[in-house]
Amino acid sequence: MSSTWVHHAINEIHADARRSADTHLIRFTLPAFPGIWFYLKDESTHPTGSLKHRLARSLFLYGLSNGWIREGTPVIEASSGSTAVSEAWFARMLGLPFIAVMPACTARRKVEQIEFYGGRCHFVQSACEIYEASEVLARELRGRYMDQFTFAERATDWRGNNNIADSIFRQMAGEPHPVPDYIVMSAGTGGTSATIGRYLRYQGHETRLMVVDPENSVFYDYWQQRDSGLKSSVGSRIEGIGRPRVEPSFIPDVIDEMLQVPDAASVAAMQWLGELLGRKVGASTGTNMWGALQLAARMREEGRSGAIVTLLCDSGERYLETYHNPEWVAASIGDILPWRAAIREMLR
């Protein structure tokens, strides 16, 4: 009976993937950067509204195939929001109870989405507490802690099979520069950067991978020092990216370059990009875009043309009470006006 249910569950997840089209690749140019093409892989168009839909699908398939998830298994995840939203979707599809363990400061809109999909939220005070709380809940409920921070880099087939890197290169095939000079990616678990970095090497592409990291995250320091014991006493203020400890899924050796981005710069770039696109985006997308602009400035200085691809991670509608609230930004992030001015100067 259990085997029959697992087969049914895997078929349901594959059927969901077939019902979904690929995400859009948005192209634009900027007069200040002649000969340079910008591309945004718009992951907000997934059914659950973010890049994490891909990860949640892979984690459920991984858990089912390994025999970790069976009929009725409670599913628990440590998440700042978007992964939990996507996992709640898949848990509801399979009729499984779902609990998200997250910091109390998580955007209210994400909490509402998790609850809409039938999930329950378990709050802790600090991002550093989510791991232990998830393990305790899994033991108490005889459930499965999905542990995205460990399994993200191994649950996805990085060689191809319609992963995000494969999708990007298929969509770039007819563009002026089909092999981009750079892909810019922020890291939450590190799973997506691991997938992209491995894929680039496996396929023999000359594209370089830049990972951008927010304040209060240890990834940048770990990439430089290779000290796996690094820890931060506070969590990232850019929701969904940056970690207070070195996560097992973060693979530094597949990354060509890293850039540490001030939180105020992330929010300033988020606002600027939203104005350019005519729609709201999230702060992690702002972090990505800040990195893309720095690379474009470098290419301009070197007299190079080419393409830069980055990710639009999720919709800004999830952050109306936080990153799109001027009062909250002033109190929680600080003055972003100097960074808006820096963007204007860059675009002259």
# chains A, B, ... in the order shown; residues from 1 in each chain; ligands from 1
>>> residues_around(residues="region 25-28 of chain A", least_positions_apart="5", cutoff="7 Å", atoms="only C-alpha atoms", output="MDAnalysis selection string")
chainID A and resid 37:42
>>> residues_around(residues="Thr83 (chain A)", least_positions_apart="6", cutoff="9 Å", atoms="only C-alpha atoms", output="list in words")
Ser50, Leu51, Lys52, His53, Leu55, Ala56, Glu77, Gln148 and Gly240 of chain A
>>> residues_around(residues="Tyr131 (chain A)", least_positions_apart="3", cutoff="10 Å", atoms="only C-alpha atoms", output="number ranges by chain")
A: 77-79, 101-102, 127-128, 134-136, 145, 147, 149
>>> residues_around(residues="Ala100 (chain A)", least_positions_apart="2", cutoff="6 Å", atoms="only C-alpha atoms", output="PyMOL selection string")
chain A and resi 76-77+84+121-122
>>> write_last_selection(atoms="C-alpha atoms", output="mmCIF file, in the first residue's frame")
data_model
loop_
_atom_site.group_PDB
_atom_site.id
_atom_site.type_symbol
_atom_site.label_atom_id
_atom_site.label_comp_id
_atom_site.auth_asym_id
_atom_site.auth_seq_id
_atom_site.Cartn_x
_atom_site.Cartn_y
_atom_site.Cartn_z
ATOM 1 C CA ILE A 76 8.688 20.049 8.504
ATOM 2 C CA GLU A 77 10.923 22.719 6.955
ATOM 3 C CA ALA A 84 7.901 26.958 2.968
ATOM 4 C CA CYS A 121 3.776 28.127 11.008
ATOM 5 C CA HIS A 122 5.987 27.572 14.045
#
>>> residues_around(residues="Glu215 (chain A)", least_positions_apart="5", cutoff="7 Å", atoms="only C-alpha atoms", output="number ranges by chain")
A: 236, 261-263
>>> write_last_selection(atoms="all heavy atoms", output="short mmCIF file (atom, residue, chain, number, x, y, z; two decimals), in the first residue's frame")
data_model
loop_
_atom_site.label_atom_id
_atom_site.label_comp_id
_atom_site.auth_asym_id
_atom_site.auth_seq_id
_atom_site.Cartn_x
_atom_site.Cartn_y
_atom_site.Cartn_z
N SER A 236 20.16 37.48 8.20
CA SER A 236 20.14 38.43 7.10
C SER A 236 18.86 39.26 7.12
O SER A 236 17.78 38.74 7.44
CB SER A 236 20.24 37.69 5.77
OG SER A 236 19.98 38.55 4.69
N VAL A 261 27.03 42.75 -0.80
CA VAL A 261 26.15 43.86 -1.16
C VAL A 261 25.52 44.45 0.09
O VAL A 261 24.87 43.72 0.86
CB VAL A 261 25.05 43.39 -2.13
CG1 VAL A 261 24.12 44.55 -2.50
CG2 VAL A 261 25.65 42.78 -3.39
N PRO A 262 25.69 45.75 0.33
CA PRO A 262 25.02 46.37 1.47
C PRO A 262 23.50 46.25 1.34
O PRO A 262 22.95 46.33 0.24
CB PRO A 262 25.46 47.85 1.38
CG PRO A 262 26.72 47.81 0.57
CD PRO A 262 26.56 46.69 -0.40
N ASP A 263 22.83 46.05 2.46
CA ASP A 263 21.37 45.87 2.42
C ASP A 263 20.67 47.08 1.81
O ASP A 263 19.68 46.94 1.07
CB ASP A 263 20.83 45.62 3.83
CG ASP A 263 21.29 44.28 4.39
OD1 ASP A 263 21.74 43.43 3.60
OD2 ASP A 263 21.20 44.08 5.62
#
>>> closest_residue(among="A:Glu132, A:Ala91, A:Pro34, A:Ala268", to="Asp335 (chain A)", atoms="only C-alpha atoms")
A:Ala268
>>> select_by_dssp(residues="region 81-189 of chain A", states="strand (DSSP E or B)", output="MDAnalysis selection string")
chainID A and resid 98:103 120:124 144:145 182:186
>>> write_last_selection(atoms="C-alpha atoms", output="PDB file, in the first residue's frame")
ATOM      1  CA  PHE A  98       3.116  20.631   6.772  1.00  0.00           C
ATOM      2  CA  ILE A  99       4.817  22.838   9.376  1.00  0.00           C
ATOM      3  CA  ALA A 100       7.137  25.732   8.553  1.00  0.00           C
ATOM      4  CA  VAL A 101       9.674  26.778  11.186  1.00  0.00           C
ATOM      5  CA  MET A 102      10.589  30.412  10.615  1.00  0.00           C
ATOM      6  CA  PRO A 103      11.732  33.620  12.316  1.00  0.00           C
ATOM      7  CA  ARG A 120       1.086  25.686   9.861  1.00  0.00           C
ATOM      8  CA  CYS A 121       3.776  28.127  11.008  1.00  0.00           C
ATOM      9  CA  HIS A 122       5.987  27.572  14.045  1.00  0.00           C
ATOM     10  CA  PHE A 123       7.821  30.785  14.959  1.00  0.00           C
ATOM     11  CA  VAL A 124      11.201  31.243  16.617  1.00  0.00           C
ATOM     12  CA  ARG A 144      10.419  14.344   8.061  1.00  0.00           C
ATOM     13  CA  TYR A 145      12.561  17.452   8.384  1.00  0.00           C
ATOM     14  CA  TYR A 182      27.977  36.263 -16.389  1.00  0.00           C
ATOM     15  CA  ILE A 183      25.186  34.701 -14.389  1.00  0.00           C
ATOM     16  CA  VAL A 184      24.511  36.535 -11.126  1.00  0.00           C
ATOM     17  CA  MET A 185      22.903  34.623  -8.273  1.00  0.00           C
ATOM     18  CA  SER A 186      22.250  35.301  -4.604  1.00  0.00           C
TER      19      SER A 186
END
>>> residues_around(residues="Leu141 (chain A)", least_positions_apart="4", cutoff="9 Å", atoms="only C-alpha atoms", output="list in words")
Thr73, Pro74, Val136 and Leu137 of chain A
>>> write_last_selection(atoms="N, CA, C and O atoms", output="mmCIF file, in the first residue's frame")
data_model
loop_
_atom_site.group_PDB
_atom_site.id
_atom_site.type_symbol
_atom_site.label_atom_id
_atom_site.label_comp_id
_atom_site.auth_asym_id
_atom_site.auth_seq_id
_atom_site.Cartn_x
_atom_site.Cartn_y
_atom_site.Cartn_z
ATOM 1 N N THR A 73 2.984 11.202 6.323
ATOM 2 C CA THR A 73 4.179 11.722 6.993
ATOM 3 C C THR A 73 4.095 13.234 7.187
ATOM 4 O O THR A 73 3.949 13.974 6.210
ATOM 5 N N PRO A 74 4.185 13.730 8.426
ATOM 6 C CA PRO A 74 4.267 15.182 8.616
ATOM 7 C C PRO A 74 5.573 15.715 8.030
ATOM 8 O O PRO A 74 6.643 15.129 8.239
ATOM 9 N N VAL A 136 13.556 19.045 16.373
ATOM 10 C CA VAL A 136 12.739 18.651 17.527
ATOM 11 C C VAL A 136 11.319 18.319 17.084
ATOM 12 O O VAL A 136 10.744 17.296 17.494
ATOM 13 N N LEU A 137 10.739 19.171 16.256
ATOM 14 C CA LEU A 137 9.378 18.915 15.776
ATOM 15 C C LEU A 137 9.298 17.609 14.991
ATOM 16 O O LEU A 137 8.346 16.831 15.153
#
>>> closest_residue(among="A:Asp314, A:Val234, A:Asp221, A:Ile69", to="Pro47 (chain A)", atoms="only C-alpha atoms")
A:Asp314
>>> residues_around(residues="Pro326 (chain A)", least_positions_apart="3", cutoff="12 Å", atoms="only C-alpha atoms", output="list in words")
Val267, Ala268, Gln271, Tyr319, Leu320, Glu321, Thr322, Tyr323, Val329, Ala330, Ala331, Ser332, Ile333, Gly334, Asp335, Ile336 and Leu337 of chain A
>>> closest_residue(among="A:Thr45, A:Ser266, A:Thr150, A:Ser3", to="Gly291 (chain A)", atoms="only C-alpha atoms")
A:Ser266
>>> closest_residue(among="A:Glu239, A:Lys280, A:Ala292, A:Tyr199", to="Ile255 (chain A)", atoms="only C-alpha atoms")
A:Tyr199
>>> closest_residue(among="A:Ile114, A:Ile36, A:Val281, A:Ala9", to="Arg57 (chain A)", atoms="only C-alpha atoms")
A:Ala9
>>> closest_residue(among="A:Ala107, A:Ala342, A:Val6, A:Leu311", to="Trp328 (chain A)", atoms="only C-alpha atoms")
A:Ala107
>>> atom_distance(atom1="CA of Trp68 (chain A)", atom2="CA of Thr4 (chain A)")
14.8 Å
>>> select_by_dssp(residues="region 14-230 of chain A", states="alpha helix (DSSP H)", output="number ranges by chain")
A: 14-19, 52-65, 82-94, 108-116, 130-141, 148-155, 164-172, 191-203, 219-225
>>> decode(residues="region 45-140 of chain A", atoms="C-alpha atoms", output="mmCIF file, in the first residue's frame")
data_model
loop_
_atom_site.group_PDB
_atom_site.id
_atom_site.type_symbol
_atom_site.label_atom_id
_atom_site.label_comp_id
_atom_site.auth_asym_id
_atom_site.auth_seq_id
_atom_site.Cartn_x
_atom_site.Cartn_y
_atom_site.Cartn_z
ATOM 1 C CA THR A 45 5.708 33.078 -12.507
ATOM 2 C CA HIS A 46 5.852 29.638 -10.860
ATOM 3 C CA PRO A 47 2.528 28.470 -9.340
ATOM 4 C CA THR A 48 3.797 29.360 -5.850
ATOM 5 C CA GLY A 49 5.390 32.604 -6.990
ATOM 6 C CA SER A 50 9.127 32.110 -6.495
ATOM 7 C CA LEU A 51 12.348 30.356 -7.444
ATOM 8 C CA LYS A 52 11.756 27.969 -4.515
ATOM 9 C CA HIS A 53 9.015 26.121 -6.419
ATOM 10 C CA ARG A 54 11.791 24.301 -8.293
ATOM 11 C CA LEU A 55 13.556 23.416 -5.036
ATOM 12 C CA ALA A 56 10.396 22.233 -3.289
ATOM 13 C CA ARG A 57 9.551 19.932 -6.202
ATOM 14 C CA SER A 58 13.064 18.461 -6.144
ATOM 15 C CA LEU A 59 13.065 18.012 -2.360
ATOM 16 C CA PHE A 60 9.741 16.157 -2.383
ATOM 17 C CA LEU A 61 10.872 13.886 -5.224
ATOM 18 C CA TYR A 62 14.135 13.262 -3.367
ATOM 19 C CA GLY A 63 12.336 12.450 -0.116
ATOM 20 C CA LEU A 64 9.812 10.166 -1.797
ATOM 21 C CA SER A 65 12.458 8.322 -3.799
ATOM 22 C CA ASN A 66 14.604 7.812 -0.699
ATOM 23 C CA GLY A 67 11.680 6.393 1.273
ATOM 24 C CA TRP A 68 11.703 9.290 3.747
ATOM 25 C CA ILE A 69 8.177 10.480 2.918
ATOM 26 C CA ARG A 70 5.237 8.101 3.069
ATOM 27 C CA GLU A 71 1.486 8.464 3.220
ATOM 28 C CA GLY A 72 0.580 10.677 6.189
ATOM 29 C CA THR A 73 4.179 11.722 6.993
ATOM 30 C CA PRO A 74 4.267 15.182 8.616
ATOM 31 C CA VAL A 75 6.664 17.406 6.660
ATOM 32 C CA ILE A 76 8.688 20.049 8.504
ATOM 33 C CA GLU A 77 10.923 22.719 6.955
ATOM 34 C CA ALA A 78 13.181 25.453 8.283
ATOM 35 C CA SER A 79 12.555 28.443 6.039
ATOM 36 C CA SER A 80 12.408 32.216 5.936
ATOM 37 C CA GLY A 81 9.291 31.945 3.816
ATOM 38 C CA SER A 82 9.419 31.189 0.104
ATOM 39 C CA THR A 83 10.581 27.561 0.363
ATOM 40 C CA ALA A 84 7.901 26.958 2.968
ATOM 41 C CA VAL A 85 5.220 28.465 0.718
ATOM 42 C CA SER A 86 6.224 26.131 -2.114
ATOM 43 C CA GLU A 87 6.539 23.068 0.122
ATOM 44 C CA ALA A 88 3.108 23.793 1.623
ATOM 45 C CA TRP A 89 1.722 23.706 -1.941
ATOM 46 C CA PHE A 90 3.210 20.270 -2.635
ATOM 47 C CA ALA A 91 2.255 18.937 0.791
ATOM 48 C CA ARG A 92 -1.359 19.930 0.174
ATOM 49 C CA MET A 93 -1.230 18.265 -3.249
ATOM 50 C CA LEU A 94 -0.131 15.011 -1.599
ATOM 51 C CA GLY A 95 -2.415 15.285 1.435
ATOM 52 C CA LEU A 96 0.453 15.647 3.930
ATOM 53 C CA PRO A 97 0.554 17.838 7.050
ATOM 54 C CA PHE A 98 3.116 20.631 6.772
ATOM 55 C CA ILE A 99 4.817 22.838 9.376
ATOM 56 C CA ALA A 100 7.137 25.732 8.553
ATOM 57 C CA VAL A 101 9.674 26.778 11.186
ATOM 58 C CA MET A 102 10.589 30.412 10.615
ATOM 59 C CA PRO A 103 11.732 33.620 12.316
ATOM 60 C CA ALA A 104 8.924 35.682 13.837
ATOM 61 C CA CYS A 105 9.917 38.622 11.581
ATOM 62 C CA THR A 106 9.014 36.755 8.353
ATOM 63 C CA ALA A 107 6.824 38.818 6.014
ATOM 64 C CA ARG A 108 3.169 38.415 6.947
ATOM 65 C CA ARG A 109 2.167 37.801 3.331
ATOM 66 C CA LYS A 110 4.318 34.653 3.241
ATOM 67 C CA VAL A 111 2.763 33.397 6.472
ATOM 68 C CA GLU A 112 -0.691 33.904 4.978
ATOM 69 C CA GLN A 113 0.270 31.982 1.837
ATOM 70 C CA ILE A 114 1.584 29.042 3.851
ATOM 71 C CA GLU A 115 -1.647 28.938 5.834
ATOM 72 C CA PHE A 116 -3.697 29.293 2.647
ATOM 73 C CA TYR A 117 -2.087 26.097 1.327
ATOM 74 C CA GLY A 118 -2.992 24.309 4.575
ATOM 75 C CA GLY A 119 0.370 24.620 6.299
ATOM 76 C CA ARG A 120 1.086 25.686 9.861
ATOM 77 C CA CYS A 121 3.776 28.127 11.008
ATOM 78 C CA HIS A 122 5.987 27.572 14.045
ATOM 79 C CA PHE A 123 7.821 30.785 14.959
ATOM 80 C CA VAL A 124 11.201 31.243 16.617
ATOM 81 C CA GLN A 125 12.852 34.500 17.617
ATOM 82 C CA SER A 126 16.097 34.182 15.653
ATOM 83 C CA ALA A 127 17.051 32.719 12.288
ATOM 84 C CA CYS A 128 19.734 30.772 14.156
ATOM 85 C CA GLU A 129 17.053 28.771 16.017
ATOM 86 C CA ILE A 130 15.199 27.319 13.028
ATOM 87 C CA TYR A 131 17.422 24.255 12.596
ATOM 88 C CA GLU A 132 17.111 22.791 16.090
ATOM 89 C CA ALA A 133 13.410 23.628 16.340
ATOM 90 C CA SER A 134 12.760 21.783 13.069
ATOM 91 C CA GLU A 135 14.661 18.703 14.238
ATOM 92 C CA VAL A 136 12.739 18.651 17.527
ATOM 93 C CA LEU A 137 9.378 18.915 15.776
ATOM 94 C CA ALA A 138 10.274 16.127 13.357
ATOM 95 C CA ARG A 139 11.209 13.818 16.244
ATOM 96 C CA GLU A 140 8.113 14.650 18.265
#
